[in-house]
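Here is the file model33.cif (mmCIF, C-alpha atoms).
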data_final
loop_
_atom_site.label_atom_id
_atom_site.label_comp_id
_atom_site.auth_asym_id
_atom_site.auth_seq_id
_atom_site.Cartn_x
_atom_site.Cartn_y
_atom_site.Cartn_z
CA MET A 43 -88.38 -44.64 49.85
CA LYS A 44 -90.27 -42.39 47.41
CA LYS A 45 -89.06 -38.99 46.13
CA ASP A 46 -90.38 -36.63 43.52
CA VAL A 47 -86.93 -36.43 41.94
CA ILE A 48 -83.81 -38.57 42.08
CA VAL A 49 -80.64 -37.18 40.54
CA ILE A 50 -77.86 -39.69 39.85
CA GLY A 51 -74.50 -37.89 39.79
CA ALA A 52 -73.49 -35.22 42.30
CA GLY A 53 -71.28 -33.21 39.98
CA ALA A 54 -71.77 -29.71 38.59
CA ALA A 55 -74.89 -30.46 36.52
CA GLY A 56 -76.45 -32.81 39.06
CA MET A 57 -76.16 -30.42 41.98
CA MET A 58 -77.48 -27.50 39.93
CA CYS A 59 -80.51 -29.54 38.89
CA ALA A 60 -81.14 -30.68 42.47
CA ILE A 61 -80.95 -27.08 43.71
CA GLU A 62 -83.48 -25.82 41.19
CA ALA A 63 -85.88 -28.71 41.75
CA GLY A 64 -85.64 -28.31 45.52
CA LYS A 65 -86.34 -24.58 45.27
CA ARG A 66 -89.60 -25.47 43.50
CA GLY A 67 -90.67 -27.53 46.51
CA ARG A 68 -89.94 -30.90 44.97
CA SER A 69 -88.58 -33.64 47.23
CA VAL A 70 -85.13 -34.40 45.84
CA MET A 71 -82.49 -37.05 46.51
CA LEU A 72 -79.01 -36.76 45.09
CA LEU A 73 -77.05 -40.02 44.66
CA ASP A 74 -73.42 -40.60 43.79
CA HIS A 75 -71.23 -43.70 43.86
CA ALA A 76 -68.20 -41.67 45.00
CA SER A 77 -67.32 -41.02 48.61
CA LYS A 78 -65.83 -37.58 47.84
CA LEU A 79 -68.09 -34.88 46.48
CA ALA A 80 -67.42 -33.32 43.05
CA GLU A 81 -63.82 -34.41 42.49
CA LYS A 82 -63.90 -33.12 38.91
CA ILE A 83 -64.76 -29.65 40.14
CA ARG A 84 -62.02 -29.87 42.76
CA ILE A 85 -59.22 -30.65 40.31
CA SER A 86 -60.41 -28.31 37.56
CA GLY A 87 -58.51 -25.20 36.59
CA GLY A 88 -55.39 -26.27 38.43
CA GLY A 89 -57.41 -26.43 41.65
CA ARG A 90 -59.04 -23.02 41.16
CA CYS A 91 -62.01 -24.07 39.00
CA ASN A 92 -62.52 -22.24 35.72
CA PHE A 93 -66.21 -22.05 36.62
CA THR A 94 -67.51 -20.20 33.54
CA ASN A 95 -66.58 -18.04 30.57
CA ARG A 96 -68.01 -14.54 30.14
CA HIS A 97 -68.09 -14.97 26.34
CA THR A 98 -70.12 -18.19 26.22
CA ARG A 99 -72.00 -18.60 22.94
CA PRO A 100 -73.54 -21.63 21.23
CA GLU A 101 -70.62 -21.50 18.78
CA ASN A 102 -68.34 -22.60 21.62
CA PHE A 103 -69.91 -26.06 21.65
CA LEU A 104 -69.73 -29.17 19.47
CA SER A 105 -72.73 -31.43 18.91
CA HIS A 106 -74.34 -33.41 16.13
CA ASN A 107 -77.14 -30.87 16.62
CA PRO A 108 -75.30 -27.57 17.16
CA HIS A 109 -78.50 -25.65 17.91
CA PHE A 110 -79.59 -27.86 20.81
CA CYS A 111 -77.63 -25.96 23.47
CA ARG A 112 -79.06 -22.54 22.59
CA SER A 113 -82.20 -22.70 24.72
CA ALA A 114 -80.56 -23.76 27.99
CA LEU A 115 -77.61 -21.38 27.55
CA ALA A 116 -79.95 -18.46 26.95
CA ARG A 117 -81.96 -19.18 30.09
CA PHE A 118 -78.98 -19.54 32.46
CA THR A 119 -76.09 -17.32 31.44
CA PRO A 120 -72.56 -16.85 32.81
CA GLN A 121 -73.83 -13.77 34.64
CA ASN A 122 -76.42 -15.89 36.43
CA PHE A 123 -73.68 -18.10 37.84
CA ILE A 124 -71.43 -15.12 38.59
CA THR A 125 -74.29 -13.65 40.65
CA LEU A 126 -74.42 -16.89 42.64
CA VAL A 127 -70.64 -16.82 43.15
CA GLU A 128 -70.82 -13.22 44.38
CA LYS A 129 -73.75 -14.05 46.67
CA HIS A 130 -71.44 -16.48 48.48
CA GLY A 131 -68.63 -13.93 48.73
CA ILE A 132 -66.26 -15.89 46.50
CA HIS A 133 -63.50 -13.74 45.02
CA TYR A 134 -62.60 -14.51 41.42
CA HIS A 135 -60.55 -13.18 38.51
CA GLU A 136 -60.51 -13.29 34.74
CA LYS A 137 -57.40 -15.07 33.54
CA LYS A 138 -57.77 -14.55 29.78
CA LEU A 139 -60.35 -14.78 27.00
CA GLY A 140 -63.26 -14.49 29.45
CA GLN A 141 -62.13 -17.41 31.63
CA LEU A 142 -63.14 -16.92 35.29
CA PHE A 143 -61.30 -18.65 38.15
CA CYS A 144 -61.61 -18.62 41.93
CA ASP A 145 -58.91 -16.52 43.57
CA SER A 146 -58.54 -19.16 46.27
CA SER A 147 -59.74 -22.72 45.68
CA SER A 148 -62.21 -24.76 43.66
CA GLN A 149 -63.46 -26.07 47.00
CA GLN A 150 -65.35 -22.78 47.27
CA ILE A 151 -67.52 -23.73 44.29
CA ILE A 152 -68.18 -27.17 45.79
CA ASP A 153 -69.12 -25.56 49.12
CA LEU A 154 -71.42 -23.11 47.30
CA LEU A 155 -73.28 -25.92 45.57
CA ARG A 156 -73.48 -28.02 48.74
CA HIS A 157 -74.85 -25.07 50.69
CA GLU A 158 -77.47 -24.31 48.01
CA CYS A 159 -78.51 -27.97 47.92
CA ASP A 160 -78.94 -28.05 51.69
CA ALA A 161 -80.90 -24.78 51.62
CA ALA A 162 -83.22 -26.29 48.99
CA GLY A 163 -83.86 -29.36 51.15
CA VAL A 164 -81.96 -31.83 48.97
CA GLU A 165 -81.24 -35.21 50.59
CA TRP A 166 -77.94 -36.99 49.96
CA GLN A 167 -76.91 -40.61 49.53
CA MET A 168 -73.12 -40.88 49.13
CA PRO A 169 -71.58 -43.27 48.45
CA CYS A 170 -74.50 -45.15 46.92
CA ARG A 171 -74.22 -47.41 43.92
CA VAL A 172 -77.21 -47.93 41.62
CA ASN A 173 -77.41 -51.56 40.58
CA ASN A 174 -80.60 -51.53 38.51
CA ILE A 175 -83.18 -49.10 37.16
CA SER A 176 -86.64 -50.13 36.06
CA ARG A 177 -89.66 -48.21 34.85
CA ILE A 178 -92.96 -48.64 36.64
CA HIS A 179 -96.33 -47.51 35.39
CA ALA A 180 -97.83 -44.84 37.64
CA ASP A 181 -101.13 -46.70 38.04
CA THR A 182 -99.48 -49.72 39.65
CA ALA A 183 -96.82 -48.18 41.89
CA PRO A 184 -96.08 -44.90 43.69
CA GLY A 185 -93.42 -43.78 41.19
CA ARG A 186 -92.40 -44.04 37.56
CA PHE A 187 -88.87 -45.33 38.27
CA MET A 188 -87.56 -47.86 40.73
CA LEU A 189 -83.88 -47.95 41.62
CA GLU A 190 -82.21 -50.91 43.30
CA THR A 191 -79.23 -49.45 45.16
CA ASP A 192 -76.75 -50.27 47.88
CA CYS A 193 -78.91 -47.97 50.03
CA GLY A 194 -82.13 -49.87 49.39
CA ILE A 195 -85.05 -49.56 46.99
CA LEU A 196 -85.78 -45.99 45.87
CA MET A 197 -88.64 -44.67 43.76
CA ALA A 198 -89.12 -41.41 41.91
CA ASP A 199 -91.46 -39.71 39.48
CA SER A 200 -88.54 -37.99 37.74
CA LEU A 201 -85.09 -39.48 37.23
CA VAL A 202 -82.15 -37.31 36.18
CA ILE A 203 -78.94 -38.82 34.80
CA ALA A 204 -76.01 -36.48 35.51
CA THR A 205 -73.23 -39.05 35.67
CA GLY A 206 -70.80 -37.36 33.28
CA GLY A 207 -68.69 -38.95 30.59
CA LEU A 208 -65.65 -41.21 30.38
CA SER A 209 -62.97 -38.59 31.01
CA ILE A 210 -60.63 -39.01 33.99
CA PRO A 211 -61.66 -42.53 35.07
CA GLN A 212 -59.15 -42.36 37.94
CA ILE A 213 -61.61 -40.14 39.85
CA GLY A 214 -64.63 -42.30 39.13
CA ALA A 215 -65.81 -41.66 35.55
CA SER A 216 -67.82 -44.54 34.11
CA PRO A 217 -70.17 -45.35 31.19
CA PHE A 218 -73.15 -45.60 33.56
CA GLY A 219 -75.16 -42.79 31.94
CA TYR A 220 -74.72 -44.16 28.44
CA ARG A 221 -75.85 -47.59 29.60
CA VAL A 222 -79.00 -46.10 31.12
CA ALA A 223 -79.74 -44.38 27.79
CA GLU A 224 -79.23 -47.60 25.87
CA GLN A 225 -81.38 -49.54 28.37
CA PHE A 226 -84.29 -47.27 27.50
CA GLY A 227 -83.66 -47.35 23.75
CA ILE A 228 -82.10 -43.88 23.57
CA THR A 229 -79.34 -43.40 21.00
CA VAL A 230 -75.80 -42.53 22.11
CA THR A 231 -73.58 -40.89 19.50
CA PRO A 232 -69.98 -42.11 19.04
CA LEU A 233 -67.71 -41.27 21.97
CA GLN A 234 -64.09 -40.15 22.00
CA PRO A 235 -61.72 -38.27 24.31
CA ALA A 236 -61.77 -34.48 23.83
CA LEU A 237 -59.65 -31.61 25.10
CA VAL A 238 -56.84 -34.13 25.18
CA PRO A 239 -53.14 -34.22 24.18
CA LEU A 240 -52.28 -35.71 20.78
CA THR A 241 -49.71 -38.48 20.46
CA PHE A 242 -47.42 -39.67 17.69
CA ALA A 243 -46.00 -43.07 16.82
CA GLN A 244 -42.26 -43.52 17.20
CA GLY A 245 -40.53 -41.82 14.30
CA GLN A 246 -43.73 -40.10 13.17
CA LEU A 247 -42.87 -36.79 14.80
CA ALA A 248 -39.25 -36.00 13.96
CA SER A 249 -37.08 -37.38 16.74
CA SER A 250 -35.28 -34.06 17.03
CA VAL A 251 -38.56 -32.24 17.70
CA ALA A 252 -39.99 -34.99 19.90
CA GLY A 253 -36.92 -34.70 22.12
CA LEU A 254 -37.86 -31.23 23.35
CA PRO A 255 -40.47 -31.79 26.08
CA GLY A 256 -41.51 -28.63 27.85
CA VAL A 257 -40.95 -26.26 24.92
CA ALA A 258 -43.98 -24.00 24.37
CA ILE A 259 -44.83 -22.08 21.19
CA ASP A 260 -47.51 -19.50 20.44
CA ALA A 261 -49.12 -20.89 17.30
CA ALA A 262 -52.35 -21.17 15.32
CA VAL A 263 -53.44 -24.79 15.02
CA SER A 264 -56.18 -25.84 12.58
CA CYS A 265 -58.03 -28.99 11.58
CA ASN A 266 -61.40 -29.78 9.98
CA GLY A 267 -62.30 -26.12 9.57
CA ALA A 268 -61.51 -25.09 13.15
CA CYS A 269 -58.56 -22.91 14.17
CA PHE A 270 -57.24 -21.96 17.61
CA ARG A 271 -54.49 -19.47 18.44
CA GLU A 272 -52.87 -20.34 21.76
CA ASN A 273 -49.78 -22.07 23.09
CA LEU A 274 -48.83 -25.57 22.03
CA LEU A 275 -46.52 -27.62 24.20
CA LEU A 276 -44.07 -30.33 23.16
CA THR A 277 -44.27 -33.45 25.33
CA HIS A 278 -42.48 -36.80 25.53
CA ARG A 279 -45.37 -38.44 23.64
CA GLY A 280 -46.40 -35.67 21.26
CA LEU A 281 -48.16 -32.32 21.57
CA SER A 282 -50.28 -30.69 24.25
CA GLY A 283 -51.06 -27.17 25.43
CA PRO A 284 -54.29 -25.17 25.01
CA ALA A 285 -54.16 -24.96 21.20
CA ILE A 286 -53.74 -28.72 20.88
CA LEU A 287 -56.39 -29.54 23.48
CA GLN A 288 -58.82 -27.32 21.60
CA ILE A 289 -58.11 -28.82 18.18
CA SER A 290 -58.27 -32.38 19.54
CA SER A 291 -62.08 -32.09 19.64
CA TYR A 292 -62.06 -31.63 15.85
CA TRP A 293 -59.31 -34.10 14.93
CA GLN A 294 -60.15 -37.53 13.53
CA PRO A 295 -57.69 -40.43 13.09
CA GLY A 296 -55.72 -40.36 9.87
CA ILE A 297 -55.94 -36.66 9.13
CA PRO A 298 -53.19 -34.09 9.69
CA ILE A 299 -53.27 -31.01 11.86
CA HIS A 300 -51.91 -27.76 10.42
CA ILE A 301 -49.69 -25.55 12.55
CA ASN A 302 -48.88 -21.93 11.71
CA LEU A 303 -45.68 -21.34 13.66
CA LEU A 304 -45.55 -17.62 12.78
CA PRO A 305 -49.17 -16.45 12.74
CA ASP A 306 -48.32 -12.75 13.12
CA LEU A 307 -45.68 -12.65 10.38
CA ASP A 308 -45.47 -12.76 6.59
CA ALA A 309 -42.75 -15.39 6.63
CA ALA A 310 -42.00 -15.18 2.90
CA ALA A 311 -41.42 -11.42 2.97
CA TRP A 312 -39.36 -11.75 6.14
CA LEU A 313 -37.10 -14.50 4.74
CA LEU A 314 -36.65 -12.65 1.44
CA ASP A 315 -35.63 -9.53 3.35
CA HIS A 316 -32.78 -11.65 4.76
CA ARG A 317 -31.92 -13.54 1.57
CA HIS A 318 -28.38 -12.03 1.47
CA SER A 319 -27.60 -13.08 5.05
CA THR A 320 -24.64 -15.38 5.65
CA GLY A 321 -26.25 -16.74 8.83
CA LEU A 322 -27.93 -20.11 9.15
CA LEU A 323 -31.69 -20.42 8.72
CA SER A 324 -32.15 -21.89 12.20
CA LYS A 325 -30.42 -18.91 13.79
CA LEU A 326 -32.65 -16.45 11.97
CA ILE A 327 -35.81 -18.34 12.99
CA THR A 328 -34.80 -18.01 16.66
CA GLN A 329 -35.93 -14.38 16.40
CA TYR A 330 -39.47 -15.76 16.71
CA LEU A 331 -39.24 -19.38 17.88
CA PRO A 332 -37.44 -21.06 20.80
CA ARG A 333 -33.82 -21.82 19.89
CA ARG A 334 -33.92 -25.58 20.48
CA PHE A 335 -37.16 -25.92 18.54
CA ALA A 336 -35.92 -23.77 15.64
CA GLN A 337 -32.83 -25.94 15.27
CA ALA A 338 -34.80 -29.19 15.49
CA TRP A 339 -37.48 -28.00 13.07
CA CYS A 340 -34.90 -26.92 10.48
CA ASP A 341 -33.05 -30.22 10.87
CA ASP A 342 -36.35 -31.98 10.16
CA ILE A 343 -37.45 -30.08 7.06
CA MET A 344 -33.87 -29.99 5.69
CA ARG A 345 -33.01 -33.55 6.63
CA ASP A 346 -31.98 -34.44 3.06
CA GLN A 347 -29.43 -31.63 2.79
CA PRO A 348 -26.77 -30.13 5.05
CA ALA A 349 -27.34 -26.81 6.82
CA GLN A 350 -26.27 -23.83 4.76
CA PRO A 351 -26.31 -20.03 4.94
CA ILE A 352 -29.54 -18.27 3.97
CA ASN A 353 -27.88 -16.67 0.93
CA ARG A 354 -27.40 -20.12 -0.57
CA TYR A 355 -31.17 -20.67 -0.87
CA SER A 356 -33.05 -19.64 -3.98
CA GLU A 357 -36.07 -17.36 -3.76
CA THR A 358 -38.26 -20.38 -4.51
CA GLY A 359 -36.58 -22.34 -1.71
CA LEU A 360 -37.15 -19.54 0.79
CA ARG A 361 -40.81 -19.29 -0.20
CA GLN A 362 -41.20 -23.04 0.30
CA ILE A 363 -39.66 -22.76 3.79
CA ALA A 364 -42.02 -19.87 4.55
CA ALA A 365 -44.98 -21.97 3.44
CA GLN A 366 -43.93 -24.71 5.85
CA LEU A 367 -43.55 -22.23 8.70
CA HIS A 368 -47.15 -21.18 8.09
CA ASN A 369 -48.42 -24.70 7.45
CA TRP A 370 -46.42 -27.34 9.30
CA GLN A 371 -48.47 -30.49 8.71
CA ILE A 372 -48.19 -33.45 11.06
CA THR A 373 -50.51 -36.42 11.51
CA PRO A 374 -51.09 -37.69 15.07
CA SER A 375 -51.37 -41.42 15.64
CA GLY A 376 -53.88 -40.98 18.44
CA THR A 377 -54.68 -39.20 21.69
CA ALA A 378 -53.56 -39.59 25.28
CA GLY A 379 -56.97 -41.16 25.97
CA TYR A 380 -59.68 -40.63 28.54
CA LYS A 381 -57.14 -40.66 31.37
CA LYS A 382 -55.81 -37.29 30.17
CA ALA A 383 -58.98 -35.96 28.49
CA GLU A 384 -60.88 -33.14 30.15
CA VAL A 385 -64.22 -34.12 28.60
CA THR A 386 -65.93 -36.70 26.40
CA LEU A 387 -66.98 -35.84 22.86
CA GLY A 388 -70.38 -37.29 21.93
CA GLY A 389 -73.02 -38.69 24.23
CA VAL A 390 -76.79 -39.04 24.54
CA ASP A 391 -78.18 -37.99 21.17
CA THR A 392 -79.77 -34.55 21.50
CA ARG A 393 -82.43 -35.51 18.95
CA GLU A 394 -83.78 -37.78 21.68
CA LEU A 395 -84.13 -34.92 24.20
CA SER A 396 -86.17 -31.76 24.58
CA SER A 397 -83.88 -28.72 24.38
CA LYS A 398 -86.24 -26.88 26.76
CA THR A 399 -86.47 -29.49 29.53
CA MET A 400 -83.68 -32.07 28.86
CA GLU A 401 -86.35 -34.78 29.12
CA ALA A 402 -86.15 -37.88 26.93
CA ARG A 403 -88.86 -37.60 24.30
CA LYS A 404 -89.93 -41.23 24.46
CA ILE A 405 -89.45 -41.86 28.20
CA PRO A 406 -91.47 -39.31 30.23
CA GLY A 407 -89.75 -38.40 33.49
CA LEU A 408 -86.22 -39.39 32.36
CA TYR A 409 -83.74 -36.52 31.95
CA PHE A 410 -80.10 -36.27 30.86
CA ILE A 411 -77.86 -33.29 31.67
CA GLY A 412 -74.22 -32.23 31.61
CA GLU A 413 -71.35 -34.11 30.00
CA VAL A 414 -73.36 -37.29 29.38
CA VAL A 415 -75.23 -35.37 26.65
CA ASP A 416 -73.79 -34.85 23.16
CA VAL A 417 -72.79 -31.24 23.88
CA THR A 418 -69.07 -30.59 24.30
CA GLY A 419 -67.59 -27.18 25.03
CA HIS A 420 -64.31 -25.61 24.08
CA LEU A 421 -61.57 -25.23 26.68
CA GLY A 422 -61.99 -22.31 29.05
CA GLY A 423 -65.02 -22.71 31.33
CA PHE A 424 -67.57 -23.54 28.65
CA ASN A 425 -68.22 -27.10 29.84
CA PHE A 426 -69.02 -25.87 33.34
CA GLN A 427 -71.41 -23.32 31.88
CA TRP A 428 -73.16 -26.14 30.00
CA ALA A 429 -73.40 -28.09 33.26
CA TRP A 430 -74.99 -25.13 35.07
CA ALA A 431 -77.32 -24.31 32.15
CA SER A 432 -78.51 -27.86 31.42
CA GLY A 433 -78.92 -28.61 35.15
CA HIS A 434 -80.91 -25.42 35.62
CA ALA A 435 -83.10 -26.22 32.61
CA ALA A 436 -84.00 -29.72 33.85
CA GLY A 437 -84.49 -28.43 37.39
CA GLN A 438 -87.39 -26.27 36.24
CA PHE A 439 -89.38 -29.26 34.97
CA VAL A 440 -88.49 -32.41 36.92
#
Mind turning this structure into structure tokens?
Amino acid sequence: MKKDVIVIGAGAAGMMCAIEAGKRGRSVMLLDHASKLAEKIRISGGGRCNFTNRHTRPENFLSHNPHFCRSALARFTPQNFITLVEKHGIHYHEKKLGQLFCDSSSQQIIDLLRHECDAAGVEWQMPCRVNNISRIHADTAPGRFMLETDCGILMADSLVIATGGLSIPQIGASPFGYRVAEQFGITVTPLQPALVPLTFAQGQLASSVAGLPGVAIDAAVSCNGACFRENLLLTHRGLSGPAILQISSYWQPGIPIHINLLPDLDAAAWLLDHRHSTGLLSKLITQYLPRRFAQAWCDDIMRDQPAQPINRYSETGLRQIAAQLHNWQITPSGTAGYKKAEVTLGGVDTRELSSKTMEARKIPGLYFIGEVVDVTGHLGGFNFQWAWASGHAAGQFV
């Protein structure tokens, strides 16, 4: 069977690309090894799909080439996708910081994409596993690429890899896209889990603090020049919550993260205002931090001395405590891995791709889009916007 375009991966980016190519009159086939369509969309945003972010900018993305994403993002904006959502009568709301969610269910976004694919004449093969891809010269065969699949031999002039990254393998994630890149001599940058909880070795995070799963704190967390102000959450294995997920994309093994527990307060001035108090430090700190955490944190930083009233501390001692409240340094031992990661950091090297078309520079007709590419968004709808934008960009040229 011969098609103008074959897209491997029926997720957000793959369906968007197929829609755009089909609207241009190209014959398009969309393949996926899964039996259920777009599981990652379905489970996203707590089942309501954080489908974009109004405030999307190139600065919201990490890449070895931070300018690569600019072209695609400029040509398909959050408003473009919002217009599509409104066309299908999907009600949505802004949760915070520009994050848009469906009022009802993420299934509405899947249905939107499926409907647009069908309207554009896209053909489907699901489930269909691709066993081998080979390149054929146009003068000897009817297509540039031949795919050996469970559904037979398929040929296409343009081949789009939209197979995602390694995150959430329990719903089908695999290294397929990276292997295709490597097969054709295209560089893949180092991969690691991103937007993922951080873990600590036993005894590394004070046992008193580690024993408080479920406690949430509004904090500013920084690492490697990045800083995020949102909630962090104590877990059985370490730290999670939006602030930690965000900073995990910047963390590297062996380096500490810095946590400002009182980002809205001058802790030194506040403590010195109470330097004559006969109360315990932990009780005072509960004015701003959860009681159980305040007690555990004080026990940790004062572990070499018994608890004492605030008026027993020197001014220097209080300033040192204030400095620790603003810069609590802890070093994770690792992450919770791809099973808990929302995305994959790294991917197909953007230096190998055209930022206008997503086509591989040295393999005409081969395109990479979405999470498989070395473009990783912050938490909050940015990765979906990259999927829509990169899929739209490739769809104009395949």
Pick out the residues sitting within 10 Å of region 347-352 of chain A, and hand them over as a PyMOL selection string; count all atoms listed in the file, and ignore anything fewer than 6 positions along from it in its own chain.
-> chain A and resi 313-314+316-326+340-341+359-360
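Each of A:Ile297, A:Asn302, A:Ser264, A:Thr205 was compared to Ala429 (chain A) using all atoms listed in the file, and A:Thr205 turns out to be the nearest.
Note that CA of Gly89 (chain A) and CA of Gly219 (chain A) are 26.0 Å apart.
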Long-range neighbours of Lys45 (chain A) as an mmCIF file with C-alpha atoms, keeping the file's coordinate frame, 10 Å cut-off, only C-alpha atoms, 6 positions minimum in chain:
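Output below, filename result_28.cif:
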data_model
loop_
_atom_site.group_PDB
_atom_site.id
_atom_site.type_symbol
_atom_site.label_atom_id
_atom_site.label_comp_id
_atom_site.auth_asym_id
_atom_site.auth_seq_id
_atom_site.Cartn_x
_atom_site.Cartn_y
_atom_site.Cartn_z
ATOM 1 C CA ARG A 68 -89.940 -30.900 44.970
ATOM 2 C CA SER A 69 -88.580 -33.640 47.230
ATOM 3 C CA VAL A 70 -85.130 -34.400 45.840
ATOM 4 C CA MET A 71 -82.490 -37.050 46.510
ATOM 5 C CA GLU A 165 -81.240 -35.210 50.590
ATOM 6 C CA PRO A 184 -96.080 -44.900 43.690
ATOM 7 C CA GLY A 185 -93.420 -43.780 41.190
ATOM 8 C CA LEU A 196 -85.780 -45.990 45.870
ATOM 9 C CA MET A 197 -88.640 -44.670 43.760
ATOM 10 C CA ALA A 198 -89.120 -41.410 41.910
ATOM 11 C CA ASP A 199 -91.460 -39.710 39.480
ATOM 12 C CA SER A 200 -88.540 -37.990 37.740
ATOM 13 C CA LEU A 201 -85.090 -39.480 37.230
#
Answer key for the PyMOL selection byres ((chain A and resi 396) around 12), residues as a PyMOL selection string | chain A and resi 109-114+390-395+397-411+415+432+435-436+439
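Distance cut-off 6 Å, centre (-48.8, -40.3, 16.6), atoms counted only C-alpha atoms; the residues meeting this are A:Thr241, A:Phe242, A:Ala243, A:Pro374, A:Ser375, A:Gly376.
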So which residues get picked by the PyMOL selection byres ((chain A and resi 100-104) around 10) here, written as number ranges by chain?
-> A: 97-99, 105-116, 291-292, 387-388, 416-422, 424-425, 428
For the structure provided, state which residues fall under the PyMOL selection byres ((chain A and resi 280) around 10), and present them as a list in words.
-> Pro239, Leu240, Thr241, Phe242, Ala243, Gln244, Gln246, Leu247, Val251, Ala252, Gly253, Leu254, Pro255, Leu275, Leu276, Thr277, His278, Arg279, Leu281, Ser282, Pro374, Ser375, Gly376, Thr377 and Ala378 of chain A
Which residue gives the smallest distance to Asp260 (chain A) among A:Pro169, A:Gly423, A:Pro332, A:Gly64, with all atoms listed in the file counted?
-> A:Pro332
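CA of Ile178 (chain A) is found 15.9 Å from CA of Gly227 (chain A).
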Show which residues sit within 9 Å of Gly194 (chain A), as a PyMOL selection string. Count only C-alpha atoms, and ignore same-chain residues fewer than 4 positions away.
-> chain A and resi 43+189-190
Of the listed residues A:Pro211, A:Gly87, A:Gly163, A:Pro298, that which approaches Ile61 (chain A) most closely, counting all atoms listed in the file | A:Gly163
